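Input: a single structure, listed below in structure tokens.
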Amino acid sequence: MPEKSTLPLPEPCPCCAPCSFWSRRVAGTQVTGSMRSTRSENGRSWAWRSRPNLLVTGRLYFPQLALRRRLGQLSCMSKPALKLRSWPLTVLYYLLPLGALRPLSRVGWRPVSRVALYKSVPTRLLSRAWGRLNQVELPHWLRRPVYSLYIWTFGVNMKEAAVEDLHHYRNLSEFFRRKLKPQARPVCDLHSVISPSDGKILNFGQVKNCEVEQVKGVTYSLESFLGPRIPAEDLPFPPATSCGSFRSQLVTREGNELYHCVIYLAPGDYHCFHSPTDWTVSHRRHFPGSLMSVNPGMARWIKELFCHNERVVLTGDWKHGFFSLTAVGATNVGSIRIYFDQDLHTNSPRYSKGSYNDFSFVTHMNKEGIPMRKGEHLGEFNLGSTIVLIFEAPKDFNFKLKAGQKIRFGEALGSL
């Protein structure tokens, strides 16, 4: 009778913790070395007491781990390989009927979240391509059908346009940036702050705990949105990062509070924005970033959406202290133009995400900055996006708004 031999235990994958499946396989490896077979009476059934040949191909002993490697869920894989193998299945998971890929969950596969999947879309590249397409001059005979389709889709009111003839606009970019008739948007003189653009009021009110609501119940950090108040290289000591310290840098007068207002510009709205009050612009900060959609539904879905997206922050002072206007980019709205800032270039490949670029309008020749009058032209988007106002005002400042209401440029936002 042959002696019993102990086969070596298979080593688990170093990238994964041993699972119950691996334990069951290991428990069955200490068997006799002989492969005794017992032929049944019909001569067709064999009972194998051991399977040493399968140890040569360890992957057969670990089908779960082998499948997980193919699905790209092991931590040892590089991020590009992880995305390449996992995301196609994730796309199918969300597109196919519910439960079609449910068997994959039995081997430990989990789909990438919708937010992570959406953030992986190259929105900056797509927006640059869309911008190039907008610059293509349309044939004269094609202009009316294309613009009429856009007007019908987004409800554009061409009676307010300075030029109603659709053949006048050579490309989509000119049509998006169309001007209005002078009497179409009268500026309210009775209130201290007016709406800088057409749009929908997403949120407004007093800033609490240095958190700003992008939509109801979804907030973002004020410091992450505006960036440091003073460039770190200009400080003799490291800047404070606490909420109270950052707020004290913005609120310059005792008894004042910080207020905010978020206005969403739909694709069919008037795409230019104006000065909301009499103030002086002293500084511009450009944050390169993603260009995700900023519609209200997406703002509820992605936390700190406005902090992820590319934006241009204009800061300065008005009669009550600190005042800022931020133009937030969105999908297909990589182009943000400020009329008095010729050095600003948005959605450019030379900028890296996570950084920001500062520019001061205060010089030796101009020690005050850029003065802006209420209602004066300030800048424009290409398609639609979001305007965020953050400003300092006395405690008795009151908004004349309702959340969700439609508003037009020149109408009152609030006053003392």
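Identifiers for the structure tokens are assigned positionally: chains receive A, B, ... in sequence, residues are indexed from 1 per chain, and ligands are indexed from 1 in the order shown.
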Next item on the list: Apply DSSP to the structure's backbone, then extract all residues of range 169-292 of chain A labelled strand (DSSP E or B) and return them as a PyMOL selection string.
Entry: chain A and resi 180+193-194+199-206+208+211-215+218-221+256-264+272-274+279-287+290
Next item on the list: Find the residues near His320 in chain A: any atom within 9 Å, counting only C-alpha atoms, skip ones fewer than 4 places away on the same chain, and give them as a list in words.
Entry: Thr252, Arg253, Asn256, Phe391, Glu392, Ala393 and Pro394 of chain A
Take the residues from that selection and write them out as an mmCIF file, in the first residue's frame, keeping all heavy atoms.
data_model
loop_
_atom_site.group_PDB
_atom_site.id
_atom_site.type_symbol
_atom_site.label_atom_id
_atom_site.label_comp_id
_atom_site.auth_asym_id
_atom_site.auth_seq_id
_atom_site.Cartn_x
_atom_site.Cartn_y
_atom_site.Cartn_z
ATOM 1 N N THR A 252 -15.492 92.412 6.732
ATOM 2 C CA THR A 252 -14.563 93.473 7.115
ATOM 3 C C THR A 252 -15.166 94.475 8.085
ATOM 4 O O THR A 252 -14.439 95.280 8.648
ATOM 5 C CB THR A 252 -14.090 94.224 5.859
ATOM 6 O OG1 THR A 252 -15.235 94.776 5.180
ATOM 7 C CG2 THR A 252 -13.354 93.277 4.924
ATOM 8 N N ARG A 253 -16.482 94.436 8.272
ATOM 9 C CA ARG A 253 -17.124 95.429 9.124
ATOM 10 C C ARG A 253 -17.935 94.738 10.213
ATOM 11 O O ARG A 253 -18.622 93.749 9.953
ATOM 12 C CB ARG A 253 -18.023 96.352 8.302
ATOM 13 C CG ARG A 253 -17.274 97.087 7.193
ATOM 14 C CD ARG A 253 -18.160 98.029 6.430
ATOM 15 N NE ARG A 253 -17.459 98.649 5.309
ATOM 16 C CZ ARG A 253 -17.996 99.538 4.474
ATOM 17 N NH1 ARG A 253 -19.270 99.899 4.642
ATOM 18 N NH2 ARG A 253 -17.284 100.041 3.489
ATOM 19 N N ASN A 256 -21.818 92.995 10.245
ATOM 20 C CA ASN A 256 -22.221 92.517 8.927
ATOM 21 C C ASN A 256 -22.264 90.991 8.895
ATOM 22 O O ASN A 256 -21.662 90.315 9.721
ATOM 23 C CB ASN A 256 -21.271 93.021 7.851
ATOM 24 C CG ASN A 256 -21.514 94.478 7.490
ATOM 25 O OD1 ASN A 256 -22.400 95.127 8.055
ATOM 26 N ND2 ASN A 256 -20.721 95.000 6.569
ATOM 27 N N PHE A 391 -21.497 87.966 -0.836
ATOM 28 C CA PHE A 391 -21.195 89.350 -0.487
ATOM 29 C C PHE A 391 -21.486 89.614 0.988
ATOM 30 O O PHE A 391 -22.212 88.871 1.648
ATOM 31 C CB PHE A 391 -21.997 90.320 -1.365
ATOM 32 C CG PHE A 391 -23.477 90.107 -1.338
ATOM 33 C CD1 PHE A 391 -24.287 90.800 -0.438
ATOM 34 C CD2 PHE A 391 -24.085 89.216 -2.208
ATOM 35 C CE1 PHE A 391 -25.659 90.609 -0.403
ATOM 36 C CE2 PHE A 391 -25.465 89.015 -2.188
ATOM 37 C CZ PHE A 391 -26.248 89.710 -1.285
ATOM 38 N N GLU A 392 -20.913 90.679 1.464
ATOM 39 C CA GLU A 392 -21.077 91.135 2.837
ATOM 40 C C GLU A 392 -22.114 92.244 2.875
ATOM 41 O O GLU A 392 -22.130 93.119 1.998
ATOM 42 C CB GLU A 392 -19.723 91.636 3.343
ATOM 43 C CG GLU A 392 -19.726 92.293 4.704
ATOM 44 C CD GLU A 392 -18.377 92.897 5.050
ATOM 45 O OE1 GLU A 392 -17.453 92.799 4.218
ATOM 46 O OE2 GLU A 392 -18.255 93.481 6.145
ATOM 47 N N ALA A 393 -22.981 92.207 3.858
ATOM 48 C CA ALA A 393 -24.037 93.214 3.985
ATOM 49 C C ALA A 393 -24.499 93.281 5.437
ATOM 50 O O ALA A 393 -24.282 92.338 6.215
ATOM 51 C CB ALA A 393 -25.217 92.896 3.068
ATOM 52 N N PRO A 394 -25.131 94.376 5.824
ATOM 53 C CA PRO A 394 -25.669 94.468 7.194
ATOM 54 C C PRO A 394 -26.723 93.391 7.458
ATOM 55 O O PRO A 394 -27.270 92.782 6.539
ATOM 56 C CB PRO A 394 -26.268 95.882 7.241
ATOM 57 C CG PRO A 394 -25.512 96.647 6.204
ATOM 58 C CD PRO A 394 -25.234 95.658 5.109
#
Sorted by chain and rising residue number, which residues of range 115-201 of chain A lie within 10 Å of range 269-277 of chain A, and what are their closest atom pairs and distances in Å to one decimal, counting only C-alpha atoms, as a tab-separated table?
residue	atom	partner	partner_atom	distance
A:Phe154	CA	A:Asp269	CA	8.3
A:Gly155	CA	A:Asp269	CA	8.6
A:Val156	CA	A:Asp269	CA	6.9
A:Asn157	CA	A:Asp269	CA	8.7
A:Glu160	CA	A:Tyr270	CA	9.6
A:Ala161	CA	A:Tyr270	CA	9.2
A:Phe175	CA	A:His271	CA	9.9
A:Phe176	CA	A:His271	CA	6.6
A:Arg177	CA	A:His271	CA	5.9
A:Arg178	CA	A:Tyr270	CA	7.6
A:Lys179	CA	A:Cys272	CA	8.0
A:Leu180	CA	A:Tyr270	CA	8.1
A:Val187	CA	A:Pro276	CA	9.7
A:Asp189	CA	A:Thr277	CA	9.9
A:His191	CA	A:Thr277	CA	9.2
A:Ser192	CA	A:Thr277	CA	6.4
A:Val193	CA	A:Thr277	CA	5.2
A:Ile194	CA	A:Pro276	CA	4.9
A:Ser195	CA	A:Pro276	CA	5.8
A:Pro196	CA	A:His274	CA	4.7
A:Ser197	CA	A:Phe273	CA	4.8
A:Asp198	CA	A:Tyr270	CA	5.8
A:Gly199	CA	A:Asp269	CA	6.5
A:Lys200	CA	A:Asp269	CA	9.6
May I have a table of the residues of range 314-372 of chain A lying at most 9 Å from range 293-300 of chain A, giving each one's closest pair of atoms and their distance in Å to one decimal, counting only C-alpha atoms, ordered by chain and ascending residue number, as CSV?
residue,atom,partner,partner_atom,distance
A:Val328,CA,A:Val294,CA,8.5
A:Gly329,CA,A:Val294,CA,8.2
A:Ala330,CA,A:Ser293,CA,5.0
A:Thr331,CA,A:Ser293,CA,5.1
A:Asn332,CA,A:Ser293,CA,8.6
Check: What separation in Å, quoted to one decimal, exists between CA of Lys181 in chain A and CA of Tyr150 in chain A?
Finding: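 Interatomic distance, CA of Lys181 in chain A to CA of Tyr150 in chain A: 20.3 Å.
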Item checked: For His286 in chain A: contacts at 7 Å, only C-alpha atoms, fewer than 4 positions along chain excluded, given as a VMD selection string -> chain A and resid 311 to 313 356 to 358
Checklist line | Counting only C-alpha atoms, the option among A:His260, A:Arg144, A:His308, A:Arg170 closest to Ile387 in chain A | finding: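 Counting only C-alpha atoms, the residue closest to Ile387 in chain A is A:His260.
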Margin query: Can you tell me which residues surround Arg337 in chain A at a distance of at most 7 Å, considering only C-alpha atoms, apart from same-chain residues fewer than 3 positions away, and format the answer as a PyMOL selection string?
Written below: chain A and resi 379-381
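Minimum distance to Ser173 in chain A across A:Leu125, A:Ile338, A:Val146, A:Leu133 (counting only C-alpha atoms) occurs at A:Leu133.
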